[in-house]
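Asks: target_24.cif is reproduced in full below (mmCIF, C-alpha atoms and all ligand atoms).
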```
data_start
#
loop_
_atom_site.label_atom_id
_atom_site.label_comp_id
_atom_site.auth_asym_id
_atom_site.auth_seq_id
_atom_site.Cartn_x
_atom_site.Cartn_y
_atom_site.Cartn_z
CA MET A 1 -18.77 21.18 -14.46
CA SER A 2 -21.85 19.84 -12.66
CA GLN A 3 -22.18 22.90 -10.45
CA GLY A 4 -25.21 23.77 -8.38
CA TRP A 5 -25.76 20.18 -7.31
CA GLY A 6 -27.29 19.66 -3.83
CA LEU A 7 -24.30 19.68 -1.51
CA GLY A 8 -21.55 20.41 -4.00
CA ALA A 9 -18.10 21.06 -2.60
CA LEU A 10 -17.92 23.09 0.60
CA VAL A 11 -14.77 24.75 -0.68
CA ASN A 12 -14.27 25.65 -4.33
CA LEU A 13 -11.21 23.62 -5.37
CA ASP A 14 -11.52 24.38 -9.09
CA HIS A 15 -8.57 26.75 -9.40
CA TYR A 16 -4.77 26.67 -9.38
CA GLY A 17 -3.11 25.92 -6.05
CA HIS A 18 -1.96 28.67 -3.70
CA TYR A 19 1.63 28.38 -2.53
CA LEU A 20 3.48 29.76 0.47
CA ASN A 21 7.16 30.53 0.02
CA TRP A 22 9.78 31.10 2.67
CA HIS A 23 13.43 31.04 1.54
CA PHE A 24 13.84 27.67 -0.18
CA ILE A 25 10.69 26.24 1.41
CA SER A 26 7.66 26.11 -0.86
CA ILE A 27 4.44 24.46 0.23
CA SER A 28 0.89 24.52 -1.08
CA VAL A 29 -1.81 25.84 1.22
CA SER A 30 -3.71 22.55 0.81
CA ASN A 31 -0.74 20.43 1.93
CA LEU A 32 -0.10 22.71 4.88
CA THR A 33 -3.79 22.55 5.84
CA VAL A 34 -3.74 18.73 5.79
CA MET A 35 -0.59 18.66 7.93
CA VAL A 36 -2.04 21.05 10.52
CA LEU A 37 -5.31 19.05 10.61
CA MET A 38 -3.35 15.81 11.20
CA VAL A 39 -1.49 17.32 14.16
CA VAL A 40 -4.75 18.72 15.59
CA THR A 41 -6.51 15.34 15.12
CA PHE A 42 -3.62 13.55 16.84
CA VAL A 43 -3.70 15.84 19.88
CA VAL A 44 -7.51 15.69 20.13
CA ALA A 45 -7.42 11.86 19.84
CA LEU A 46 -5.01 11.70 22.80
CA PHE A 47 -6.98 13.98 25.11
CA ALA A 48 -10.66 13.95 24.10
CA PRO A 49 -12.73 11.78 26.46
CA PHE A 50 -13.80 8.47 24.91
CA PRO A 51 -17.52 7.71 25.38
CA GLY A 52 -18.19 4.95 27.93
CA ARG A 53 -14.74 5.05 29.47
CA ARG A 54 -14.67 4.91 33.27
CA ASN A 55 -12.51 7.44 35.12
CA ARG A 56 -8.96 6.08 35.22
CA ARG A 57 -8.10 7.20 38.74
CA GLY A 58 -11.58 7.07 40.26
CA SER A 59 -12.50 3.54 41.37
CA LYS A 60 -8.98 2.01 41.35
CA MET B 1 -5.77 -44.54 7.90
CA SER B 2 -4.26 -44.77 11.37
CA THR B 3 -4.50 -41.83 13.77
CA THR B 4 -0.76 -41.19 13.57
CA GLU B 5 -1.03 -41.04 9.81
CA ILE B 6 -3.88 -38.54 10.09
CA GLU B 7 -1.92 -36.44 12.56
CA ARG B 8 1.04 -36.35 10.16
CA GLN B 9 -1.04 -34.90 7.30
CA TRP B 10 -0.01 -31.36 6.42
CA THR B 11 -3.65 -30.25 6.73
CA SER B 12 -3.83 -31.50 10.34
CA ARG B 13 -0.48 -30.00 11.25
CA LEU B 14 -1.32 -26.65 9.65
CA ARG B 15 -4.72 -26.49 11.38
CA LYS B 16 -3.22 -27.29 14.78
CA SER B 17 -0.44 -24.74 14.49
CA VAL B 18 -2.82 -22.00 13.26
CA VAL B 19 -5.33 -22.70 16.05
CA ALA B 20 -2.53 -22.77 18.64
CA LYS B 21 -1.13 -19.43 17.47
CA LEU B 22 -4.44 -17.70 16.88
CA PRO B 23 -7.39 -19.37 18.65
CA PRO B 24 -10.83 -18.01 17.55
CA ASP B 25 -11.35 -16.03 20.78
CA LYS B 26 -8.05 -14.22 20.16
CA MET B 27 -8.85 -13.65 16.48
CA LEU B 28 -12.21 -12.04 17.32
CA PRO B 29 -12.08 -11.19 21.05
CA ASP B 30 -15.19 -10.12 22.99
CA THR B 31 -13.45 -7.49 25.13
CA GLN B 32 -10.29 -5.37 25.13
CA PRO B 33 -8.21 -3.97 28.00
CA ALA B 34 -9.52 -0.71 29.55
CA TYR B 35 -6.73 1.43 28.08
CA VAL B 36 -7.96 0.67 24.55
CA ALA B 37 -10.97 2.94 25.25
CA SER B 38 -9.28 5.97 23.66
CA TRP B 39 -9.79 7.78 20.35
CA ILE B 40 -6.20 7.07 19.35
CA TYR B 41 -7.09 3.36 18.87
CA VAL B 42 -9.77 4.27 16.31
CA PHE B 43 -7.33 5.25 13.59
CA GLY B 44 -6.16 1.74 12.61
CA VAL B 45 -9.69 0.68 11.79
CA THR B 46 -10.41 4.06 10.12
CA THR B 47 -7.44 3.39 7.83
CA MET B 48 -8.83 -0.07 7.06
CA ALA B 49 -12.32 1.29 6.34
CA ALA B 50 -10.87 3.93 4.00
CA LEU B 51 -8.80 1.25 2.23
CA PHE B 52 -12.02 -0.73 1.71
CA VAL B 53 -13.72 2.28 0.05
CA VAL B 54 -10.60 2.89 -2.08
CA ILE B 55 -10.69 -0.69 -3.38
CA VAL B 56 -14.46 -0.75 -4.03
CA THR B 57 -14.47 2.62 -5.89
CA GLY B 58 -11.33 1.57 -7.79
CA CYS B 59 -13.12 -1.59 -8.96
CA ILE B 60 -16.10 0.54 -10.11
CA LEU B 61 -13.70 2.82 -12.05
CA ALA B 62 -12.20 -0.25 -13.70
CA ILE B 63 -15.56 -1.40 -15.10
CA ASP B 64 -15.99 1.40 -17.64
CA GLY B 65 -12.50 2.89 -17.69
CA PRO B 66 -10.97 6.35 -18.21
CA VAL B 67 -13.37 7.74 -20.83
CA TRP B 68 -16.25 7.11 -18.43
CA TRP B 69 -14.61 8.63 -15.37
CA HIS B 70 -13.49 11.72 -17.35
CA SER B 71 -16.74 12.45 -19.14
CA SER B 72 -19.79 11.43 -17.09
CA SER B 73 -21.00 13.01 -13.86
CA LEU B 74 -21.35 9.58 -12.22
CA GLY B 75 -17.80 8.81 -13.33
CA HIS B 76 -16.59 12.07 -11.79
CA PHE B 77 -18.42 11.19 -8.60
CA VAL B 78 -16.84 7.72 -8.28
CA ASN B 79 -13.45 9.20 -9.23
CA SER B 80 -13.87 11.76 -6.44
CA MET B 81 -14.91 9.08 -3.95
CA HIS B 82 -11.72 7.20 -4.88
CA LEU B 83 -9.53 10.28 -4.42
CA TRP B 84 -11.09 11.44 -1.16
CA ALA B 85 -11.05 7.94 0.34
CA VAL B 86 -7.32 7.92 -0.43
CA GLU B 87 -6.97 11.28 1.38
CA ILE B 88 -8.74 9.86 4.45
CA PHE B 89 -6.66 6.67 4.18
CA PHE B 90 -3.34 8.52 4.35
CA PHE B 91 -4.60 11.00 6.93
CA ALA B 92 -5.78 8.23 9.27
CA MET B 93 -2.66 6.14 8.62
CA VAL B 94 -0.37 9.02 9.64
CA VAL B 95 -2.32 9.69 12.86
CA HIS B 96 -2.27 5.90 13.51
CA LEU B 97 1.49 5.79 12.96
CA TRP B 98 2.10 8.78 15.27
CA GLY B 99 -0.11 7.15 17.89
CA LYS B 100 1.77 3.84 17.72
CA PHE B 101 5.11 5.67 17.74
CA SER B 102 4.10 7.60 20.87
CA MET B 103 3.19 4.32 22.61
CA ALA B 104 6.36 2.57 21.34
CA ALA B 105 3.90 -0.13 20.23
CA TRP B 106 6.73 -2.30 18.87
CA ARG B 107 7.51 -3.38 22.45
CA GLY B 108 7.06 -6.98 23.64
CA GLY B 109 7.89 -8.84 20.44
CA ARG B 110 5.66 -6.65 18.29
CA SER B 111 8.41 -5.59 15.88
CA LEU B 112 6.77 -7.44 12.96
CA THR B 113 3.55 -5.48 13.58
CA TRP B 114 5.52 -2.23 13.27
CA VAL B 115 7.48 -3.46 10.25
CA THR B 116 4.42 -4.73 8.33
CA GLY B 117 2.79 -1.34 9.07
CA ALA B 118 5.81 0.58 7.81
CA VAL B 119 6.06 -1.53 4.63
CA THR B 120 2.32 -1.04 4.02
CA PHE B 121 2.96 2.69 4.27
CA LEU B 122 5.68 2.47 1.60
CA ALA B 123 3.53 0.29 -0.68
CA SER B 124 0.64 2.75 -0.27
CA ILE B 125 2.86 5.69 -1.25
CA LEU B 126 3.85 3.82 -4.42
CA ALA B 127 0.18 3.06 -5.05
CA GLY B 128 -0.57 6.78 -4.66
CA PHE B 129 2.20 7.80 -7.10
CA THR B 130 1.21 5.24 -9.73
CA GLY B 131 -2.40 6.42 -9.28
CA TYR B 132 -1.44 10.01 -10.09
CA VAL B 133 0.26 8.92 -13.32
CA SER B 134 -2.68 6.62 -14.24
CA GLN B 135 -5.25 9.40 -14.43
CA THR B 136 -4.89 9.71 -18.23
CA ASN B 137 -5.08 13.52 -18.34
CA PHE B 138 -2.62 16.43 -18.66
CA ASP B 139 -2.00 16.35 -14.92
CA SER B 140 -0.76 12.76 -15.07
CA GLN B 141 1.43 13.54 -18.10
CA TRP B 142 2.99 16.47 -16.27
CA ILE B 143 3.58 14.39 -13.11
CA ALA B 144 5.09 11.52 -15.12
CA THR B 145 7.54 13.75 -16.99
CA GLN B 146 8.66 15.27 -13.67
CA ALA B 147 8.88 11.87 -11.93
CA LYS B 148 10.94 10.25 -14.72
CA ASP B 149 13.86 12.59 -14.03
CA GLY B 150 13.82 11.71 -10.35
CA ILE B 151 13.60 7.98 -10.99
CA ASN B 152 16.20 8.04 -13.77
CA SER B 153 18.66 9.72 -11.42
CA THR B 154 18.45 6.59 -9.25
CA GLY B 155 18.85 4.19 -12.19
CA GLY B 156 15.40 2.73 -11.44
CA GLY B 157 13.93 4.07 -14.67
CA ALA B 158 15.22 1.08 -16.61
CA PHE B 159 12.79 -1.18 -14.73
CA PHE B 160 10.10 1.19 -13.59
CA ASN B 161 9.20 3.56 -16.40
CA VAL B 162 6.72 6.19 -15.21
CA LEU B 163 6.12 7.27 -18.83
CA ASN B 164 4.83 3.77 -19.61
CA LEU B 165 1.11 4.15 -18.90
CA GLY B 166 0.42 0.42 -19.29
CA GLN B 167 3.03 -0.52 -16.72
CA MET B 168 1.93 2.21 -14.28
CA LEU B 169 -1.75 1.23 -14.57
CA MET B 170 -0.93 -2.46 -13.98
CA TRP B 171 1.10 -1.62 -10.88
CA HIS B 172 -1.66 0.68 -9.69
CA ILE B 173 -4.60 -1.67 -10.13
CA VAL B 174 -3.01 -5.11 -9.69
CA LEU B 175 0.35 -5.39 -7.93
CA LEU B 176 0.19 -2.57 -5.38
CA PRO B 177 -3.43 -3.15 -4.26
CA ILE B 178 -2.58 -6.83 -3.71
CA ALA B 179 0.51 -5.81 -1.72
CA ALA B 180 -1.45 -3.29 0.37
CA VAL B 181 -4.28 -5.71 1.15
CA VAL B 182 -2.01 -8.69 1.93
CA LEU B 183 0.28 -6.55 4.11
CA THR B 184 -2.69 -5.03 5.95
CA GLY B 185 -4.02 -8.55 6.55
CA LEU B 186 -0.67 -9.69 7.98
CA HIS B 187 -0.48 -6.50 10.05
CA VAL B 188 -3.88 -7.01 11.68
CA VAL B 189 -3.23 -10.74 12.24
CA MET B 190 0.03 -9.78 14.02
CA VAL B 191 -1.93 -7.39 16.25
CA ARG B 192 -4.41 -10.17 17.09
CA ILE B 193 -1.69 -12.76 17.79
CA LYS B 194 0.22 -10.48 20.15
CA GLY B 195 -2.73 -8.60 21.67
CA VAL B 196 -2.73 -4.82 22.13
CA VAL B 197 0.51 -3.54 23.66
CA PRO B 198 0.14 -2.64 27.38
CA PRO B 199 0.89 0.97 28.42
CA PHE B 200 4.20 1.95 30.00
CA GLU B 201 4.43 1.18 33.73
CA GLU B 202 3.39 4.15 35.86
CA LYS B 203 6.07 5.42 38.24
CA SER B 204 5.25 4.39 41.83
CA SER B 205 5.14 8.03 42.99
CA GLU B 206 2.35 8.71 40.49
CA VAL B 207 0.31 5.67 41.53
CA SER B 208 0.03 6.73 45.19
CA ALA B 209 -1.40 10.15 44.30
C1 LIG A 301 -2.72 0.34 5.60
C2 LIG A 301 -2.24 0.87 6.69
C3 LIG A 301 -2.54 0.37 8.08
C4 LIG A 301 -3.66 -0.25 8.55
C5 LIG A 301 -4.94 -0.60 7.78
C6 LIG A 301 -3.43 -0.52 9.96
C7 LIG A 301 -4.35 -1.14 10.80
C8 LIG A 301 -4.14 -1.42 12.14
C9 LIG A 301 -5.14 -1.87 13.07
C10 LIG A 301 -6.60 -2.14 12.71
C11 LIG A 301 -4.54 -2.02 14.27
C12 LIG A 301 -5.20 -2.45 15.60
C13 LIG A 301 -6.00 -1.31 16.17
C14 LIG A 301 -5.20 -0.08 16.53
O1 LIG A 301 -4.38 -0.15 17.45
O2 LIG A 301 -5.40 0.93 15.84
C15 LIG A 301 -3.15 -1.69 14.12
C16 LIG A 301 -2.19 -1.75 15.11
C17 LIG A 301 -0.85 -1.37 14.97
N1 LIG A 301 -0.31 -0.67 13.90
FE1 LIG A 301 -1.23 -0.37 12.10
N2 LIG A 301 -2.17 -0.06 10.31
C18 LIG A 301 -1.60 0.50 9.19
C19 LIG A 301 -0.36 1.11 9.11
C20 LIG A 301 0.56 1.17 10.15
C21 LIG A 301 1.84 1.87 10.12
C22 LIG A 301 2.32 2.74 8.95
C23 LIG A 301 2.47 1.61 11.31
C24 LIG A 301 3.82 2.08 11.80
C25 LIG A 301 4.90 2.09 11.06
C26 LIG A 301 1.60 0.76 12.10
C27 LIG A 301 1.91 0.25 13.35
C28 LIG A 301 1.03 -0.45 14.16
C29 LIG A 301 1.39 -1.08 15.42
C30 LIG A 301 2.80 -1.10 16.05
C31 LIG A 301 0.21 -1.66 15.92
C32 LIG A 301 0.08 -2.50 17.20
C33 LIG A 301 -0.50 -1.71 18.30
C34 LIG A 301 -0.57 -2.50 19.58
O3 LIG A 301 -0.08 -3.62 19.71
O4 LIG A 301 -1.17 -1.92 20.49
N3 LIG A 301 0.44 0.51 11.38
N4 LIG A 301 -2.91 -1.30 12.81
#
```
What do you get writing this file as structure tokens?
Replies:
Amino acid sequence: MSQGWGLGALVNLDHYGHYLNWHFISISVSNLTVMVLMVVTFVVALFAPFPGRRNRRGSK
Amino acid sequence: MSTTEIERQWTSRLRKSVVAKLPPDKMLPDTQPAYVASWIYVFGVTTMAALFVVIVTGCILAIDGPVWWHSSSLGHFVNSMHLWAVEIFFFAMVVHLWGKFSMAAWRGGRSLTWVTGAVTFLASILAGFTGYVSQTNFDSQWIATQAKDGINSTGGGAFFNVLNLGQMLMWHIVLLPIAAVVLTGLHVVMVRIKGVVPPFEEKSSEVSA
């Protein structure tokens, strides 16, 4: 509708969903993307260095 | 009034027990243990921030109602803010839940923290479902006609009728938001009362390295 606005959507979501099918498993690409991003975020949150944190094994 | 009489007042007793359980410096502490300096601890507060945006945008949607959010560009914008804040809310909540599961953060008498979190999760899912059927468009009609078969197969349809837009909207904008906010409040108060769960003990062989 209001296309061409400044930022707009980075990805065009204005169409029917795409689905992946494998035997009885059926999942939309968007749901799968969110699930993969959650797993990636979880792993990064565990291992990415947190700003201002002193080295755990250093001074102790 | 004598001092014993004053001490017996329910206001005095309530204040004393609240302050004993949750003194101000525990409610809003100045520092946290070193192990809290990790990204995984950011997801609880991210979930809370997203919930705040969900509630504020939901209140804005309520002012002018469905015709506004379906037909004006500002309405579309606030509607989108509401939807995407919900996406961030669930995303952050799931990462938060995985993080707490991996730390077994229910240890040390923190089971109520875990349970209030889990019940908030369930209430939020219901809030999400009732939101989908409250859109007032063809999408919500389609979802409701699919959902009714599922709910009727459980017998729940007699009390919770997903085809009843009035009932769904009331659950979505009154009952479930109240439940989510109250449960989140209890959840965070439990975290403050108990303090952040300490990490597992390191094995002695690892410490000497
Ligand atoms: C509306 C959803 C939720 C909100 C707003 C929320 C918020 C928070 C916040 C702010 C904290 C403290 C900071 C942190 O450790 O991240 C926390 C801790 C905690 N959360 Fe949640 N949470 C939610 C859902 C959940 C769920 C679904 C679970 C698990 C079933 C859960 C389990 C826990 C536990 C066990 C702690 C205590 C951690 C500790 O003692 O170290 N929470 N939550």
Asks: Tell me the residues of chain A close to chain B, meaning within 6 Å using only C-alpha atoms, as a tab-separated table (two decimals) with C-alpha atoms, in the frame of the given file.
Replies:
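Output contents, as saved in iface-v1.tsv:
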```tsv
chain	number	residue	atom	x	y	z
A	42	PHE	CA	-3.62	13.55	16.84
A	45	ALA	CA	-7.42	11.86	19.84
A	46	LEU	CA	-5.01	11.70	22.80
A	50	PHE	CA	-13.80	8.47	24.91
```
Asks: Collect all residues with atoms no farther than 6 Å from ligand LIG 301 (chain A), counting only C-alpha atoms and all ligand atoms, and output them as an mmCIF file with C-alpha atoms, in the frame of the given file.
Replies:
```
data_model
loop_
_atom_site.group_PDB
_atom_site.id
_atom_site.type_symbol
_atom_site.label_atom_id
_atom_site.label_comp_id
_atom_site.auth_asym_id
_atom_site.auth_seq_id
_atom_site.Cartn_x
_atom_site.Cartn_y
_atom_site.Cartn_z
ATOM 1 C CA TYR B 41 -7.090 3.360 18.870
ATOM 2 C CA VAL B 42 -9.770 4.270 16.310
ATOM 3 C CA PHE B 43 -7.330 5.250 13.590
ATOM 4 C CA GLY B 44 -6.160 1.740 12.610
ATOM 5 C CA VAL B 45 -9.690 0.680 11.790
ATOM 6 C CA THR B 47 -7.440 3.390 7.830
ATOM 7 C CA MET B 48 -8.830 -0.070 7.060
ATOM 8 C CA MET B 93 -2.660 6.140 8.620
ATOM 9 C CA LEU B 97 1.490 5.790 12.960
ATOM 10 C CA LYS B 100 1.770 3.840 17.720
ATOM 11 C CA ALA B 105 3.900 -0.130 20.230
ATOM 12 C CA TRP B 106 6.730 -2.300 18.870
ATOM 13 C CA THR B 113 3.550 -5.480 13.580
ATOM 14 C CA TRP B 114 5.520 -2.230 13.270
ATOM 15 C CA GLY B 117 2.790 -1.340 9.070
ATOM 16 C CA ALA B 118 5.810 0.580 7.810
ATOM 17 C CA THR B 120 2.320 -1.040 4.020
ATOM 18 C CA PHE B 121 2.960 2.690 4.270
ATOM 19 C CA THR B 184 -2.690 -5.030 5.950
ATOM 20 C CA VAL B 188 -3.880 -7.010 11.680
ATOM 21 C CA VAL B 191 -1.930 -7.390 16.250
ATOM 22 C CA GLY B 195 -2.730 -8.600 21.670
ATOM 23 C CA VAL B 196 -2.730 -4.820 22.130
ATOM 24 C CA VAL B 197 0.510 -3.540 23.660
#
```
Asks: May I ask for the distance between atom CA of B:Val182 and atom CA of B:Asp64, given in Å to one decimal place?
Replies: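 So the answer is 26.1 Å.
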Asks: Find the residue from A:Val29, A:Leu20, A:Val34, A:Val43 that sits nearest to B:Ser102; use only C-alpha atoms when measuring.
Replies: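 Answer, going by the shortest atom-to-atom distance: A:Val43.
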Asks: Between atom CA of B:Phe160 and atom CA of B:Met81, what distance in Å does the model show, to one decimal?
Replies: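 We find that atom CA of B:Phe160 and atom CA of B:Met81 lie 27.9 Å from each other.
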Asks: What is the atom CA of B:Lys194 to atom CA of B:Ala179 distance in Å?
Replies: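 According to the coordinates, atom CA of B:Lys194 and atom CA of B:Ala179 are separated by 22.4 Å.
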Asks: Would you pick out the contacts of A:Ser28 at 7 Å or less, using all atoms listed in the file, so that residues sharing its chain but fewer than 6 positions from it are not included, and give the list as a PyMOL selection string?
Replies: chain A and resi 17-20
Asks: Pull C-alpha atoms from the residues just selected and write them as a PDB file, in the frame of the given file.
Replies:
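This went into again-v5.pdb:
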```pdb
ATOM      1  CA  GLY A  17      -3.110  25.920  -6.050  1.00  0.00           C
ATOM      2  CA  HIS A  18      -1.960  28.670  -3.700  1.00  0.00           C
ATOM      3  CA  TYR A  19       1.630  28.380  -2.530  1.00  0.00           C
ATOM      4  CA  LEU A  20       3.480  29.760   0.470  1.00  0.00           C
TER       5      LEU A  20
END
```
Asks: Do a neighbour search on stretch 123-129 of chain B at 7 Å with only C-alpha atoms, toss out local chain neighbours closer than 4 positions, and write the hits as a ChimeraX atom specification.
Replies: /B:119,133,172,176,179-180
Asks: Grab the residues selected above and save them as a PDB file, in the frame of the given file with C-alpha atoms.
Replies:
```
ATOM      1  CA  VAL B 119       6.060  -1.530   4.630  1.00  0.00           C
ATOM      2  CA  VAL B 133       0.260   8.920 -13.320  1.00  0.00           C
ATOM      3  CA  HIS B 172      -1.660   0.680  -9.690  1.00  0.00           C
ATOM      4  CA  LEU B 176       0.190  -2.570  -5.380  1.00  0.00           C
ATOM      5  CA  ALA B 179       0.510  -5.810  -1.720  1.00  0.00           C
ATOM      6  CA  ALA B 180      -1.450  -3.290   0.370  1.00  0.00           C
TER       7      ALA B 180
END
```
